[in-house]
>>> print(open('upload_10.pdb').read())   # PDB, C-alpha atoms
MODEL        1
ATOM      1  CA  MET D   1      55.462 -13.590  -4.349
ATOM      2  CA  GLN D   2      55.310  -9.901  -3.502
ATOM      3  CA  PHE D   3      56.315 -10.496   0.147
ATOM      4  CA  GLU D   4      59.798 -11.604  -0.825
ATOM      5  CA  LYS D   5      60.151  -8.905  -3.453
ATOM      6  CA  ASN D   6      59.277  -6.208  -0.897
ATOM      7  CA  GLU D   7      60.742  -7.851   2.219
ATOM      8  CA  LYS D   8      63.261  -5.068   2.916
ATOM      9  CA  ASN D   9      60.618  -2.333   2.617
ATOM     10  CA  ILE D  10      58.143  -4.258   4.782
ATOM     11  CA  LYS D  11      60.772  -4.825   7.498
ATOM     12  CA  ASN D  12      61.790  -1.158   7.401
ATOM     13  CA  ASP D  13      58.165  -0.017   7.707
ATOM     14  CA  ILE D  14      57.539  -2.339  10.662
ATOM     15  CA  ALA D  15      60.740  -1.159  12.362
ATOM     16  CA  SER D  16      59.608   2.441  11.820
ATOM     17  CA  GLY D  17      56.235   1.558  13.345
ATOM     18  CA  ILE D  18      57.953   0.167  16.434
ATOM     19  CA  THR D  19      60.047   3.331  16.711
ATOM     20  CA  ARG D  20      56.884   5.466  16.403
ATOM     21  CA  CYS D  21      55.316   3.432  19.219
ATOM     22  CA  MET D  22      58.322   3.964  21.458
ATOM     23  CA  ASN D  23      58.361   7.714  20.759
ATOM     24  CA  ALA D  24      54.597   7.965  21.341
ATOM     25  CA  THR D  25      55.025   6.249  24.703
ATOM     26  CA  PHE D  26      57.605   8.818  25.785
ATOM     27  CA  LEU D  27      55.295  11.654  24.665
ATOM     28  CA  LYS D  28      52.243  10.228  26.457
ATOM     29  CA  HIS D  29      54.183   9.761  29.680
ATOM     30  CA  SER D  30      56.356  12.872  29.551
ATOM     31  CA  ARG D  31      55.744  13.670  33.229
ATOM     32  CA  ARG D  32      57.131  10.362  34.432
ATOM     33  CA  ASN D  33      59.531   7.720  33.230
ATOM     34  CA  PRO D  34      57.460   5.235  31.176
ATOM     35  CA  GLN D  35      57.633   1.638  32.327
ATOM     36  CA  GLU D  36      57.727  -1.599  30.313
ATOM     37  CA  PRO D  37      53.901  -2.066  30.415
ATOM     38  CA  ASP D  38      53.476   1.435  28.929
ATOM     39  CA  PHE D  39      55.586   0.474  25.914
ATOM     40  CA  VAL D  40      53.836  -2.882  25.519
ATOM     41  CA  ALA D  41      50.417  -1.218  25.669
ATOM     42  CA  GLU D  42      51.391   1.239  22.933
ATOM     43  CA  LEU D  43      52.690  -1.600  20.753
ATOM     44  CA  VAL D  44      49.429  -3.533  21.225
ATOM     45  CA  ASN D  45      47.352  -0.468  20.373
ATOM     46  CA  SER D  46      49.301   0.761  17.345
ATOM     47  CA  LEU D  47      51.556  -1.876  15.803
ATOM     48  CA  PRO D  48      48.863  -4.188  14.342
ATOM     49  CA  GLN D  49      47.373  -1.288  12.357
ATOM     50  CA  ASP D  50      50.847  -0.209  11.200
ATOM     51  CA  ILE D  51      51.604  -3.741   9.983
ATOM     52  CA  TYR D  52      48.212  -3.949   8.262
ATOM     53  CA  ASN D  53      48.775  -0.632   6.475
ATOM     54  CA  THR D  54      52.251  -1.704   5.338
ATOM     55  CA  LEU D  55      51.034  -5.019   3.962
ATOM     56  CA  LYS D  56      48.167  -3.341   2.111
ATOM     57  CA  VAL D  57      50.701  -1.149   0.304
ATOM     58  CA  TYR D  58      53.076  -3.921  -0.727
ATOM     59  CA  VAL D  59      50.695  -6.879  -1.168
ATOM     60  CA  PRO D  60      47.289  -5.334  -1.907
ATOM     61  CA  HIS D  61      45.584  -8.418  -3.349
ATOM     62  CA  TYR D  62      45.523 -10.276  -0.038
ATOM     63  CA  GLN D  63      43.113  -9.827   2.838
ATOM     64  CA  TYR D  64      44.594  -9.436   6.319
ATOM     65  CA  ALA D  65      43.576  -9.486   9.943
ATOM     66  CA  ILE D  66      46.179  -8.509  12.501
ATOM     67  CA  SER D  67      45.586  -8.153  16.206
ATOM     68  CA  GLY D  68      47.658  -7.558  19.311
ATOM     69  CA  ILE D  69      47.004  -8.894  22.794
ATOM     70  CA  PHE D  70      48.510  -7.399  25.944
ATOM     71  CA  CYS D  71      49.537 -10.309  28.165
ATOM     72  CA  HIS D  72      51.979  -8.708  30.606
ATOM     73  CA  GLN D  73      52.686 -10.804  33.766
ATOM     74  CA  LYS D  74      50.068 -13.496  33.064
ATOM     75  CA  PRO D  75      49.903 -16.300  32.102
ATOM     76  CA  LEU D  76      52.931 -17.909  33.700
ATOM     77  CA  ALA D  77      54.791 -20.846  32.194
ATOM     78  CA  ASN D  78      55.477 -23.850  34.361
ATOM     79  CA  TYR D  79      58.401 -25.858  33.025
ATOM     80  CA  GLY D  80      59.597 -27.256  36.363
ATOM     81  CA  GLY D  81      62.072 -24.469  37.040
ATOM     82  CA  VAL D  82      62.666 -22.741  40.341
ATOM     83  CA  LYS D  83      60.557 -19.742  39.269
ATOM     84  CA  SER D  84      57.707 -19.615  36.743
ATOM     85  CA  PRO D  85      58.330 -16.902  34.133
ATOM     86  CA  GLU D  86      55.656 -14.910  32.398
ATOM     87  CA  LEU D  87      54.868 -16.420  29.031
ATOM     88  CA  GLY D  88      55.283 -13.114  27.215
ATOM     89  CA  ASP D  89      54.187  -9.492  27.038
ATOM     90  CA  ILE D  90      52.589  -9.092  23.630
ATOM     91  CA  LEU D  91      50.957 -11.589  21.308
ATOM     92  CA  LEU D  92      50.566 -10.599  17.658
ATOM     93  CA  VAL D  93      48.080 -12.693  15.686
ATOM     94  CA  TYR D  94      48.189 -12.626  11.893
ATOM     95  CA  ILE D  95      45.721 -14.081   9.391
ATOM     96  CA  GLU D  96      45.986 -13.669   5.637
ATOM     97  CA  GLU D  97      43.803 -14.893   2.820
ATOM     98  CA  ASN D  98      45.003 -14.890  -0.773
ATOM     99  CA  LYS D  99      42.899 -14.511  -3.897
ATOM    100  CA  TYR D 100      42.277 -18.293  -3.938
ATOM    101  CA  SER D 101      40.765 -18.167  -0.424
ATOM    102  CA  VAL D 102      43.749 -19.990   1.056
ATOM    103  CA  LYS D 103      44.232 -18.859   4.647
ATOM    104  CA  LYS D 104      47.472 -18.671   6.565
ATOM    105  CA  CYS D 105      47.486 -18.025  10.306
ATOM    106  CA  ASN D 106      50.434 -17.262  12.518
ATOM    107  CA  ALA D 107      51.200 -15.766  15.895
ATOM    108  CA  LEU D 108      54.247 -14.216  17.493
ATOM    109  CA  LEU D 109      54.658 -14.069  21.261
ATOM    110  CA  MET D 110      57.230 -11.512  22.358
ATOM    111  CA  GLN D 111      58.916 -10.719  25.624
ATOM    112  CA  ALA D 112      59.579  -7.018  26.052
ATOM    113  CA  LYS D 113      62.488  -5.570  27.962
ATOM    114  CA  LYS D 114      63.004  -1.927  28.774
ATOM    115  CA  VAL D 115      66.751  -1.363  28.598
ATOM    116  CA  ASP D 116      69.067   1.511  29.326
ATOM    117  CA  LYS D 117      71.881   0.308  27.090
ATOM    118  CA  VAL D 118      72.561  -2.103  24.257
ATOM    119  CA  PRO D 119      73.519  -4.897  24.261
ATOM    120  CA  TYR D 120      71.162  -5.996  27.004
ATOM    121  CA  ILE D 121      72.684  -8.316  29.600
ATOM    122  CA  VAL D 122      70.191 -10.717  31.193
ATOM    123  CA  SER D 123      70.263 -10.263  34.955
ATOM    124  CA  CYS D 124      70.375 -13.160  37.430
ATOM    125  CA  GLY D 125      66.732 -12.453  38.302
ATOM    126  CA  GLU D 126      65.647 -13.092  34.710
ATOM    127  CA  ILE D 127      67.559 -16.288  33.906
ATOM    128  CA  HIS D 128      64.331 -18.305  34.343
ATOM    129  CA  GLN D 129      62.753 -16.281  31.494
ATOM    130  CA  LEU D 130      65.772 -16.748  29.263
ATOM    131  CA  LYS D 131      65.662 -20.500  29.874
ATOM    132  CA  LEU D 132      62.015 -20.598  28.762
ATOM    133  CA  TYR D 133      62.830 -18.892  25.462
ATOM    134  CA  GLU D 134      66.067 -20.765  24.796
ATOM    135  CA  GLU D 135      64.922 -24.264  25.699
TER     136      GLU D 135
ENDMDL
END
>>> encode(input="upload_10.pdb", output="structure tokens")
Amino acid sequence: MQFEKNEKNIKNDIASGITRCMNATFLKHSRRNPQEPDFVAELVNSLPQDIYNTLKVYVPHYQYAISGIFCHQKPLANYGGVKSPELGDILLVYIEENKYSVKKCNALLMQAKKVDKVPYIVSCGEIHQLKLYEE
């Protein structure tokens, strides 16, 4: 399949799209320090189209629908912990249809973190979120 053959290029293009989103956020909010929701909003607005364009280049015989949903702060997950964490910040929904009309649907829920340095160390106030994603 062409996905596997072009996996490295597809990943590089998506990573470049994420970088473009981050840079665009800094440009749009040059008068103030952009916050996490600013970055998430830019990803929701731009990344689905970037992914679509990349896939059309490398696997042109498929049909795609890709959408992003901004879900910052709500909904909350209730897993019986001391504090209920937000479920995520951005939901990417992906639907493909091949030339035989076979559909594949998938979604990716991501938690965004604005960090000042790498590696990111989870603070005590965010352990409840880490537990949700780990367990």
>>> resolve_selection(input="upload_10.pdb", expression="the PyMOL selection byres ((chain D and resi 89) around 10)", output="PyMOL selection string")
chain D and resi 36-37+40-41+44+69-75+86-88+90-91+109-113
>>> atom_distance(input="upload_10.pdb", atom1="CA of Ile18 (chain D)", atom2="CA of Ser46 (chain D)")
8.7 Å
>>> axis_aligned_box(input="upload_10.pdb", around="region 109-124 of chain D", padding_each_side="5 Å", output="lines of an AutoDock Vina configuration file")
center_x = 64.1
center_y = -6.3
center_z = 29.3
size_x = 28.9
size_y = 25.6
size_z = 26.2
>>> residues_around(input="upload_10.pdb", residues="Glu97 (chain D)", least_positions_apart="2", cutoff="9 Å", atoms="only C-alpha atoms", output="MDAnalysis selection string")
chainID D and resid 62:65 95 99:105
>>> residues_around(input="upload_10.pdb", residues="Pro60 (chain D)", least_positions_apart="4", cutoff="12 Å", atoms="all atoms listed in the file", output="ChimeraX atom specification")
/D:1-3,52-56,64,96-99
>>> residues_near_point(input="upload_10.pdb", point="(54.7, 2.4, 28.6)", cutoff="9 Å", atoms="all atoms listed in the file", output="ChimeraX atom specification")
/D:22,25-26,28-29,33-42
>>> write_last_selection(input="upload_10.pdb", atoms="C-alpha atoms", output="mmCIF file, keeping the file's coordinate frame")
data_model
loop_
_atom_site.group_PDB
_atom_site.id
_atom_site.type_symbol
_atom_site.label_atom_id
_atom_site.label_comp_id
_atom_site.auth_asym_id
_atom_site.auth_seq_id
_atom_site.Cartn_x
_atom_site.Cartn_y
_atom_site.Cartn_z
ATOM 1 C CA MET D 22 58.322 3.964 21.458
ATOM 2 C CA THR D 25 55.025 6.249 24.703
ATOM 3 C CA PHE D 26 57.605 8.818 25.785
ATOM 4 C CA LYS D 28 52.243 10.228 26.457
ATOM 5 C CA HIS D 29 54.183 9.761 29.680
ATOM 6 C CA ASN D 33 59.531 7.720 33.230
ATOM 7 C CA PRO D 34 57.460 5.235 31.176
ATOM 8 C CA GLN D 35 57.633 1.638 32.327
ATOM 9 C CA GLU D 36 57.727 -1.599 30.313
ATOM 10 C CA PRO D 37 53.901 -2.066 30.415
ATOM 11 C CA ASP D 38 53.476 1.435 28.929
ATOM 12 C CA PHE D 39 55.586 0.474 25.914
ATOM 13 C CA VAL D 40 53.836 -2.882 25.519
ATOM 14 C CA ALA D 41 50.417 -1.218 25.669
ATOM 15 C CA GLU D 42 51.391 1.239 22.933
#
>>> resolve_selection(input="upload_10.pdb", expression="the PyMOL selection byres ((chain D and resi 81) around 10)", output="list of chain:residue names")
D:Ala77, D:Asn78, D:Tyr79, D:Gly80, D:Val82, D:Lys83, D:Ser84, D:Pro85, D:His128, D:Gln129, D:Lys131, D:Leu132
>>> atom_distance(input="upload_10.pdb", atom1="CA of Gly68 (chain D)", atom2="CA of Asp50 (chain D)")
11.4 Å
>>> atom_distance(input="upload_10.pdb", atom1="CA of Leu47 (chain D)", atom2="CA of Leu27 (chain D)")
16.6 Å
>>> closest_residue(input="upload_10.pdb", among="D:Val93, D:Glu134, D:Tyr58, D:Thr19", to="Lys5 (chain D)", atoms="only C-alpha atoms")
D:Tyr58
>>> decode(input="upload_10.pdb", residues="region 42-72 of chain D", atoms="N, CA and C atoms", output="compact mmCIF listing (two decimals), in the first residue's frame")
# COMPACT_ATOMS: atom_id res chain seq x y z
N GLU D 42 -5.39 26.89 16.59
CA GLU D 42 -4.68 26.92 15.30
C GLU D 42 -4.54 25.52 14.71
N LEU D 43 -4.24 24.54 15.57
CA LEU D 43 -4.16 23.15 15.10
C LEU D 43 -5.50 22.69 14.55
N VAL D 44 -6.59 23.00 15.24
CA VAL D 44 -7.92 22.59 14.78
C VAL D 44 -8.25 23.23 13.44
N ASN D 45 -7.87 24.50 13.29
CA ASN D 45 -8.21 25.23 12.06
C ASN D 45 -7.35 24.83 10.86
N SER D 46 -6.10 24.46 11.09
CA SER D 46 -5.18 24.26 9.96
C SER D 46 -4.73 22.82 9.73
N LEU D 47 -4.53 22.06 10.79
CA LEU D 47 -3.92 20.74 10.63
C LEU D 47 -4.75 19.76 9.80
N PRO D 48 -6.08 19.70 9.95
CA PRO D 48 -6.83 18.76 9.10
C PRO D 48 -6.61 18.99 7.61
N GLN D 49 -6.59 20.25 7.19
CA GLN D 49 -6.36 20.55 5.77
C GLN D 49 -4.95 20.17 5.35
N ASP D 50 -3.97 20.40 6.22
CA ASP D 50 -2.59 20.01 5.93
C ASP D 50 -2.48 18.49 5.74
N ILE D 51 -3.12 17.74 6.64
CA ILE D 51 -3.08 16.28 6.54
C ILE D 51 -3.77 15.82 5.26
N TYR D 52 -4.92 16.41 4.96
CA TYR D 52 -5.64 16.09 3.73
C TYR D 52 -4.76 16.32 2.50
N ASN D 53 -4.13 17.49 2.44
CA ASN D 53 -3.28 17.81 1.29
C ASN D 53 -2.11 16.84 1.16
N THR D 54 -1.52 16.46 2.27
CA THR D 54 -0.41 15.50 2.25
C THR D 54 -0.87 14.15 1.73
N LEU D 55 -1.99 13.67 2.24
CA LEU D 55 -2.48 12.36 1.80
C LEU D 55 -2.87 12.36 0.32
N LYS D 56 -3.40 13.46 -0.16
CA LYS D 56 -3.76 13.54 -1.58
C LYS D 56 -2.53 13.45 -2.48
N VAL D 57 -1.40 13.92 -1.99
CA VAL D 57 -0.16 13.83 -2.77
C VAL D 57 0.35 12.40 -2.82
N TYR D 58 0.37 11.74 -1.67
CA TYR D 58 1.01 10.43 -1.58
C TYR D 58 0.08 9.25 -1.85
N VAL D 59 -1.21 9.42 -1.65
CA VAL D 59 -2.17 8.34 -1.90
C VAL D 59 -3.39 8.96 -2.60
N PRO D 60 -3.23 9.32 -3.87
CA PRO D 60 -4.27 10.10 -4.55
C PRO D 60 -5.53 9.33 -4.93
N HIS D 61 -5.50 8.01 -4.89
CA HIS D 61 -6.65 7.24 -5.35
C HIS D 61 -7.66 6.94 -4.25
N TYR D 62 -7.44 7.51 -3.09
CA TYR D 62 -8.38 7.36 -1.97
C TYR D 62 -9.16 8.67 -1.82
N GLN D 63 -10.31 8.56 -1.17
CA GLN D 63 -11.06 9.76 -0.81
C GLN D 63 -10.95 9.94 0.70
N TYR D 64 -10.79 11.18 1.14
CA TYR D 64 -10.56 11.45 2.55
C TYR D 64 -11.51 12.51 3.08
N ALA D 65 -11.79 12.41 4.36
CA ALA D 65 -12.44 13.47 5.12
C ALA D 65 -11.69 13.54 6.44
N ILE D 66 -11.21 14.72 6.76
CA ILE D 66 -10.47 14.91 8.00
C ILE D 66 -11.00 16.18 8.66
N SER D 67 -11.28 16.07 9.94
CA SER D 67 -11.83 17.20 10.66
C SER D 67 -11.19 17.31 12.03
N GLY D 68 -11.15 18.50 12.56
CA GLY D 68 -10.63 18.73 13.90
C GLY D 68 -11.70 19.37 14.77
N ILE D 69 -11.73 18.98 16.03
CA ILE D 69 -12.70 19.51 16.98
C ILE D 69 -11.95 20.05 18.18
N PHE D 70 -12.22 21.30 18.52
CA PHE D 70 -11.62 21.95 19.68
C PHE D 70 -12.44 21.55 20.90
N CYS D 71 -11.81 20.86 21.84
CA CYS D 71 -12.56 20.39 23.02
C CYS D 71 -11.80 20.72 24.30
N HIS D 72 -11.22 21.88 24.35
CA HIS D 72 -10.43 22.33 25.50
C HIS D 72 -11.32 22.50 26.74
